[in-house]
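Encoded as structure tokens, the structure appears first; notes follow it.
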Amino acid sequence: MTIMVIRTFILYIVVIFSVRFMGKRQIGQMQPTELVITILISNIATISLENTDAPLTTGIVPILFLISFEVIMSIITLRYQKFRYLVSGTPQIIIKNGTLDQKKLKALRMSVDDLLESLREMNIFDISEVQFAIVETNGKISAYQKTPYQPATKKDVTSVMHTTDPPYIIINDGKLLHRSQTAAGITTQKLEKILKENKTKIQDVFLMTSDKNGNYNIIKKQKKG
């Protein structure tokens, strides 16, 4: 029992030192190489704790090797831009000039729900408010709002604003969401009229949102080729 406690304490110190040496990034902010190293270190430490018959060095040495390897990789990626792009990738623009790049979204294997969830985390509940959005190399989405929707400053003129709920997703990738349609107060006749005015059909709509005040936004599917 005493040996187990000592092994656990030593490995704890080694892992803490290793993670601390890698930096203070959170899990969601890690680059691919950093995340892989962290997972490997955790697995190696677990194996060393479970297999008490093996020398403790069989766990410590690989951990120290991985940390050394990560330091070397960091130096190389800082020095050589092309290698950094090869390992970590490059940021991908998914919304430009207010237009959603559907092909890029699918290439990133990101659904509309994933995108809207990330926007809501930034207190953006309507995709039509976004002027520019980019997926960073760590998977995080950064968004820049259109000028009318940007937070007001002391220089801005105050005005009376009416409170309303966030817009509902009415159509998601060509599929009508009946619950959201009912919640937004959009009748079938009204929906047909909106689609007719925009010269489109449900199956041709990539995303449609609408609030209870009747303000809607439609993004049509991009034609292949």
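As shown in the structure tokens, the chain order sets the letters A, B, ...; within each chain, residues go from 1, and ligands are also counted from 1 in the order they appear.
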Could you list, as a ChimeraX atom specification, every residue within 9 Å of Thr90 of chain A, counting only C-alpha atoms and ignoring same-chain residues fewer than 5 positions away? /A:84-85,135-137
Let me see the file: selected residues, N, CA and C atoms, as a PDB file, in the first residue's frame.
```pdb
ATOM      1  N   ARG A  84       3.846  24.517 -39.363  1.00  0.00           N
ATOM      2  CA  ARG A  84       2.794  24.829 -38.395  1.00  0.00           C
ATOM      3  C   ARG A  84       1.415  24.632 -39.004  1.00  0.00           C
ATOM      4  N   TYR A  85       1.250  25.078 -40.249  1.00  0.00           N
ATOM      5  CA  TYR A  85      -0.028  24.902 -40.935  1.00  0.00           C
ATOM      6  C   TYR A  85      -0.320  23.420 -41.182  1.00  0.00           C
ATOM      7  N   VAL A 135     -13.478  29.768 -38.127  1.00  0.00           N
ATOM      8  CA  VAL A 135     -13.201  28.630 -37.252  1.00  0.00           C
ATOM      9  C   VAL A 135     -11.697  28.577 -37.021  1.00  0.00           C
ATOM     10  N   GLU A 136     -11.291  28.754 -35.762  1.00  0.00           N
ATOM     11  CA  GLU A 136      -9.878  28.765 -35.429  1.00  0.00           C
ATOM     12  C   GLU A 136      -9.299  27.352 -35.497  1.00  0.00           C
ATOM     13  N   THR A 137      -7.978  27.240 -35.424  1.00  0.00           N
ATOM     14  CA  THR A 137      -7.325  25.941 -35.531  1.00  0.00           C
ATOM     15  C   THR A 137      -7.659  25.010 -34.372  1.00  0.00           C
TER      16      THR A 137
END
```
Name all residues at most 9 Å from Gln181 of chain A (count only C-alpha atoms; drop same-chain ones fewer than 4 positions away) and give them as JSON, numbers by chain. {"A": [168, 169, 170, 171, 176, 177, 185, 186, 187, 188, 191, 210]}
Would you list the contacts of Leu116 of chain A as an MDAnalysis selection string, taking every protein, DNA or RNA residue within 10 Å and counting only C-alpha atoms, but skipping same-chain residues closer than 4 positions in sequence? chainID A and resid 111:112 120:122 124:127 169
With only C-alpha atoms as the basis for distance, which of A:Ile41, A:Val5, A:Ile134, A:Leu35 is at the shortest distance from Ile67 of chain A?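 Once distances to Ile67 of chain A are computed over only C-alpha atoms, the minimum belongs to A:Ile41.
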Nearest to Ser74 of chain A, chosen from A:Ser88, A:Thr182, A:Ser118, A:Asn198, with only C-alpha atoms counted in the distances: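 Closest to Ser74 of chain A of all the choices is A:Ser88.
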When you look at Ala183 of chain A with a cut-off of 9 Å (counting only C-alpha atoms), what residues show up, excluding the ones that are within fewer than 4 positions of it in the same chain? I need them as number ranges by chain. A: 168, 178-179, 211-212
Filtered DSSP result for segment 20-148 of chain A, state strand (DSSP E), as a PyMOL selection string: chain A and resi 92-96+99-100+130-135+141-145
Need to verify the contact set: Gln150 of chain A, 12 Å, only C-alpha atoms, exclusion of same-chain residues closer than 2 positions in sequence. Can you return it as a PDB file with all heavy atoms, in the first residue's frame?
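Wrote out_36.pdb, looks like this:
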```pdb
ATOM      1  N   MET A 122     -21.649  33.280 -27.698  1.00  0.00           N
ATOM      2  CA  MET A 122     -21.175  34.659 -27.817  1.00  0.00           C
ATOM      3  C   MET A 122     -22.330  35.656 -27.763  1.00  0.00           C
ATOM      4  O   MET A 122     -22.194  36.811 -28.147  1.00  0.00           O
ATOM      5  CB  MET A 122     -20.401  34.823 -29.135  1.00  0.00           C
ATOM      6  CG  MET A 122     -19.114  34.036 -29.195  1.00  0.00           C
ATOM      7  SD  MET A 122     -18.238  34.236 -30.768  1.00  0.00           S
ATOM      8  CE  MET A 122     -19.142  33.069 -31.794  1.00  0.00           C
ATOM      9  N   ASN A 123     -23.502  35.165 -27.269  1.00  0.00           N
ATOM     10  CA  ASN A 123     -24.707  35.988 -27.162  1.00  0.00           C
ATOM     11  C   ASN A 123     -25.194  36.491 -28.518  1.00  0.00           C
ATOM     12  O   ASN A 123     -25.758  37.581 -28.620  1.00  0.00           O
ATOM     13  CB  ASN A 123     -24.484  37.180 -26.212  1.00  0.00           C
ATOM     14  CG  ASN A 123     -24.315  36.744 -24.764  1.00  0.00           C
ATOM     15  OD1 ASN A 123     -24.969  35.798 -24.311  1.00  0.00           O
ATOM     16  ND2 ASN A 123     -23.427  37.403 -24.039  1.00  0.00           N
ATOM     17  N   ILE A 124     -24.981  35.684 -29.560  1.00  0.00           N
ATOM     18  CA  ILE A 124     -25.517  35.983 -30.888  1.00  0.00           C
ATOM     19  C   ILE A 124     -26.568  34.925 -31.189  1.00  0.00           C
ATOM     20  O   ILE A 124     -26.245  33.757 -31.406  1.00  0.00           O
ATOM     21  CB  ILE A 124     -24.401  35.955 -31.962  1.00  0.00           C
ATOM     22  CG1 ILE A 124     -23.314  36.970 -31.621  1.00  0.00           C
ATOM     23  CG2 ILE A 124     -24.989  36.248 -33.339  1.00  0.00           C
ATOM     24  CD1 ILE A 124     -22.124  36.928 -32.569  1.00  0.00           C
ATOM     25  N   GLU A 129     -27.097  38.445 -37.999  1.00  0.00           N
ATOM     26  CA  GLU A 129     -26.374  39.547 -37.387  1.00  0.00           C
ATOM     27  C   GLU A 129     -24.864  39.451 -37.619  1.00  0.00           C
ATOM     28  O   GLU A 129     -24.123  40.382 -37.340  1.00  0.00           O
ATOM     29  CB  GLU A 129     -26.644  39.581 -35.876  1.00  0.00           C
ATOM     30  CG  GLU A 129     -28.104  39.802 -35.507  1.00  0.00           C
ATOM     31  CD  GLU A 129     -28.309  39.786 -34.007  1.00  0.00           C
ATOM     32  OE1 GLU A 129     -27.290  39.693 -33.282  1.00  0.00           O
ATOM     33  OE2 GLU A 129     -29.460  39.857 -33.553  1.00  0.00           O
ATOM     34  N   VAL A 130     -24.407  38.299 -38.119  1.00  0.00           N
ATOM     35  CA  VAL A 130     -22.967  38.042 -38.242  1.00  0.00           C
ATOM     36  C   VAL A 130     -22.441  38.543 -39.585  1.00  0.00           C
ATOM     37  O   VAL A 130     -22.968  38.193 -40.643  1.00  0.00           O
ATOM     38  CB  VAL A 130     -22.666  36.537 -38.087  1.00  0.00           C
ATOM     39  CG1 VAL A 130     -21.173  36.290 -38.205  1.00  0.00           C
ATOM     40  CG2 VAL A 130     -23.189  36.031 -36.749  1.00  0.00           C
ATOM     41  N   GLN A 131     -21.413  39.360 -39.525  1.00  0.00           N
ATOM     42  CA  GLN A 131     -20.756  39.860 -40.729  1.00  0.00           C
ATOM     43  C   GLN A 131     -19.605  38.946 -41.159  1.00  0.00           C
ATOM     44  O   GLN A 131     -19.390  38.705 -42.345  1.00  0.00           O
ATOM     45  CB  GLN A 131     -20.202  41.269 -40.461  1.00  0.00           C
ATOM     46  CG  GLN A 131     -19.371  41.866 -41.594  1.00  0.00           C
ATOM     47  CD  GLN A 131     -20.184  42.193 -42.823  1.00  0.00           C
ATOM     48  OE1 GLN A 131     -21.410  42.278 -42.744  1.00  0.00           O
ATOM     49  NE2 GLN A 131     -19.516  42.378 -43.951  1.00  0.00           N
ATOM     50  N   ALA A 143     -16.564  35.337 -34.089  1.00  0.00           N
ATOM     51  CA  ALA A 143     -17.534  36.027 -34.939  1.00  0.00           C
ATOM     52  C   ALA A 143     -17.461  37.530 -34.753  1.00  0.00           C
ATOM     53  O   ALA A 143     -17.186  38.023 -33.655  1.00  0.00           O
ATOM     54  CB  ALA A 143     -18.953  35.527 -34.638  1.00  0.00           C
ATOM     55  N   TYR A 144     -17.706  38.244 -35.855  1.00  0.00           N
ATOM     56  CA  TYR A 144     -17.748  39.706 -35.832  1.00  0.00           C
ATOM     57  C   TYR A 144     -19.129  40.124 -36.313  1.00  0.00           C
ATOM     58  O   TYR A 144     -19.550  39.768 -37.418  1.00  0.00           O
ATOM     59  CB  TYR A 144     -16.663  40.268 -36.753  1.00  0.00           C
ATOM     60  CG  TYR A 144     -16.617  41.791 -36.798  1.00  0.00           C
ATOM     61  CD1 TYR A 144     -16.023  42.510 -35.772  1.00  0.00           C
ATOM     62  CD2 TYR A 144     -17.169  42.485 -37.863  1.00  0.00           C
ATOM     63  CE1 TYR A 144     -15.975  43.896 -35.805  1.00  0.00           C
ATOM     64  CE2 TYR A 144     -17.128  43.872 -37.904  1.00  0.00           C
ATOM     65  CZ  TYR A 144     -16.531  44.562 -36.876  1.00  0.00           C
ATOM     66  OH  TYR A 144     -16.494  45.938 -36.914  1.00  0.00           O
ATOM     67  N   GLN A 145     -19.843  40.870 -35.475  1.00  0.00           N
ATOM     68  CA  GLN A 145     -21.218  41.247 -35.798  1.00  0.00           C
ATOM     69  C   GLN A 145     -21.279  42.436 -36.768  1.00  0.00           C
ATOM     70  O   GLN A 145     -20.351  43.244 -36.838  1.00  0.00           O
ATOM     71  CB  GLN A 145     -21.976  41.604 -34.520  1.00  0.00           C
ATOM     72  CG  GLN A 145     -22.293  40.401 -33.642  1.00  0.00           C
ATOM     73  CD  GLN A 145     -23.011  40.811 -32.372  1.00  0.00           C
ATOM     74  OE1 GLN A 145     -22.396  41.295 -31.434  1.00  0.00           O
ATOM     75  NE2 GLN A 145     -24.322  40.614 -32.345  1.00  0.00           N
ATOM     76  N   LYS A 146     -22.400  42.506 -37.465  1.00  0.00           N
ATOM     77  CA  LYS A 146     -22.635  43.648 -38.330  1.00  0.00           C
ATOM     78  C   LYS A 146     -22.770  44.903 -37.460  1.00  0.00           C
ATOM     79  O   LYS A 146     -23.178  44.834 -36.295  1.00  0.00           O
ATOM     80  CB  LYS A 146     -23.914  43.441 -39.147  1.00  0.00           C
ATOM     81  CG  LYS A 146     -23.806  42.273 -40.138  1.00  0.00           C
ATOM     82  CD  LYS A 146     -25.110  42.066 -40.886  1.00  0.00           C
ATOM     83  CE  LYS A 146     -24.992  40.896 -41.860  1.00  0.00           C
ATOM     84  NZ  LYS A 146     -26.273  40.616 -42.554  1.00  0.00           N
ATOM     85  N   THR A 147     -22.436  46.034 -38.035  1.00  0.00           N
ATOM     86  CA  THR A 147     -22.379  47.296 -37.277  1.00  0.00           C
ATOM     87  C   THR A 147     -23.640  47.593 -36.465  1.00  0.00           C
ATOM     88  O   THR A 147     -23.543  47.953 -35.286  1.00  0.00           O
ATOM     89  CB  THR A 147     -22.093  48.476 -38.229  1.00  0.00           C
ATOM     90  OG1 THR A 147     -20.866  48.225 -38.925  1.00  0.00           O
ATOM     91  CG2 THR A 147     -21.969  49.771 -37.450  1.00  0.00           C
ATOM     92  N   PRO A 148     -24.857  47.434 -37.013  1.00  0.00           N
ATOM     93  CA  PRO A 148     -26.057  47.764 -36.224  1.00  0.00           C
ATOM     94  C   PRO A 148     -26.253  46.888 -34.995  1.00  0.00           C
ATOM     95  O   PRO A 148     -26.991  47.266 -34.077  1.00  0.00           O
ATOM     96  CB  PRO A 148     -27.204  47.551 -37.226  1.00  0.00           C
ATOM     97  CG  PRO A 148     -26.578  47.638 -38.570  1.00  0.00           C
ATOM     98  CD  PRO A 148     -25.208  47.062 -38.396  1.00  0.00           C
ATOM     99  N   ALA A 152     -23.403  48.691 -27.935  1.00  0.00           N
ATOM    100  CA  ALA A 152     -23.389  50.150 -27.927  1.00  0.00           C
ATOM    101  C   ALA A 152     -22.322  50.689 -26.980  1.00  0.00           C
ATOM    102  O   ALA A 152     -21.998  50.076 -25.968  1.00  0.00           O
ATOM    103  CB  ALA A 152     -24.761  50.680 -27.517  1.00  0.00           C
ATOM    104  N   THR A 153     -21.777  51.834 -27.319  1.00  0.00           N
ATOM    105  CA  THR A 153     -20.805  52.515 -26.471  1.00  0.00           C
ATOM    106  C   THR A 153     -21.430  53.809 -25.956  1.00  0.00           C
ATOM    107  O   THR A 153     -22.550  54.173 -26.315  1.00  0.00           O
ATOM    108  CB  THR A 153     -19.528  52.833 -27.262  1.00  0.00           C
ATOM    109  OG1 THR A 153     -19.846  53.744 -28.333  1.00  0.00           O
ATOM    110  CG2 THR A 153     -18.937  51.555 -27.857  1.00  0.00           C
ATOM    111  N   ASP A 156     -22.670  56.184 -28.571  1.00  0.00           N
ATOM    112  CA  ASP A 156     -23.859  55.860 -29.358  1.00  0.00           C
ATOM    113  C   ASP A 156     -25.088  56.557 -28.786  1.00  0.00           C
ATOM    114  O   ASP A 156     -25.215  56.766 -27.573  1.00  0.00           O
ATOM    115  CB  ASP A 156     -24.096  54.348 -29.385  1.00  0.00           C
ATOM    116  CG  ASP A 156     -22.957  53.624 -30.071  1.00  0.00           C
ATOM    117  OD1 ASP A 156     -22.407  54.182 -31.046  1.00  0.00           O
ATOM    118  OD2 ASP A 156     -22.616  52.513 -29.637  1.00  0.00           O
TER     119      ASP A 156
END
```
May I have the residues within 12 Å of Val87 of chain A as a list in words, using only C-alpha atoms and disregarding those fewer than 4 positions away in the same chain? Gln31, Pro32, Thr33, Glu34, Val36, Met73, Ser74, Ile76, Thr77, Leu78, Tyr80, Gln81, Lys82, Phe83, Thr137 and Asn138 of chain A
Point-to-point distance in Å for atom CA of Gln92 of chain A and atom CA of Lys104 of chain A: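 Between atom CA of Lys104 of chain A and atom CA of Gln92 of chain A the gap works out to 7.7 Å.
Atom pair atom CA of Thr38 of chain A / atom CA of Ile3 of chain A has a distance of 25.4 Å (rounded to one decimal).
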Distance criterion (only C-alpha atoms): nearest to Arg7 of chain A out of A:Ser42, A:Gln189, A:Asn172, A:Thr57: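 Nearest to Arg7 of chain A: A:Thr57.
Going from atom CA of Thr58 of chain A to atom CA of Tyr12 of chain A covers 14.9 Å.
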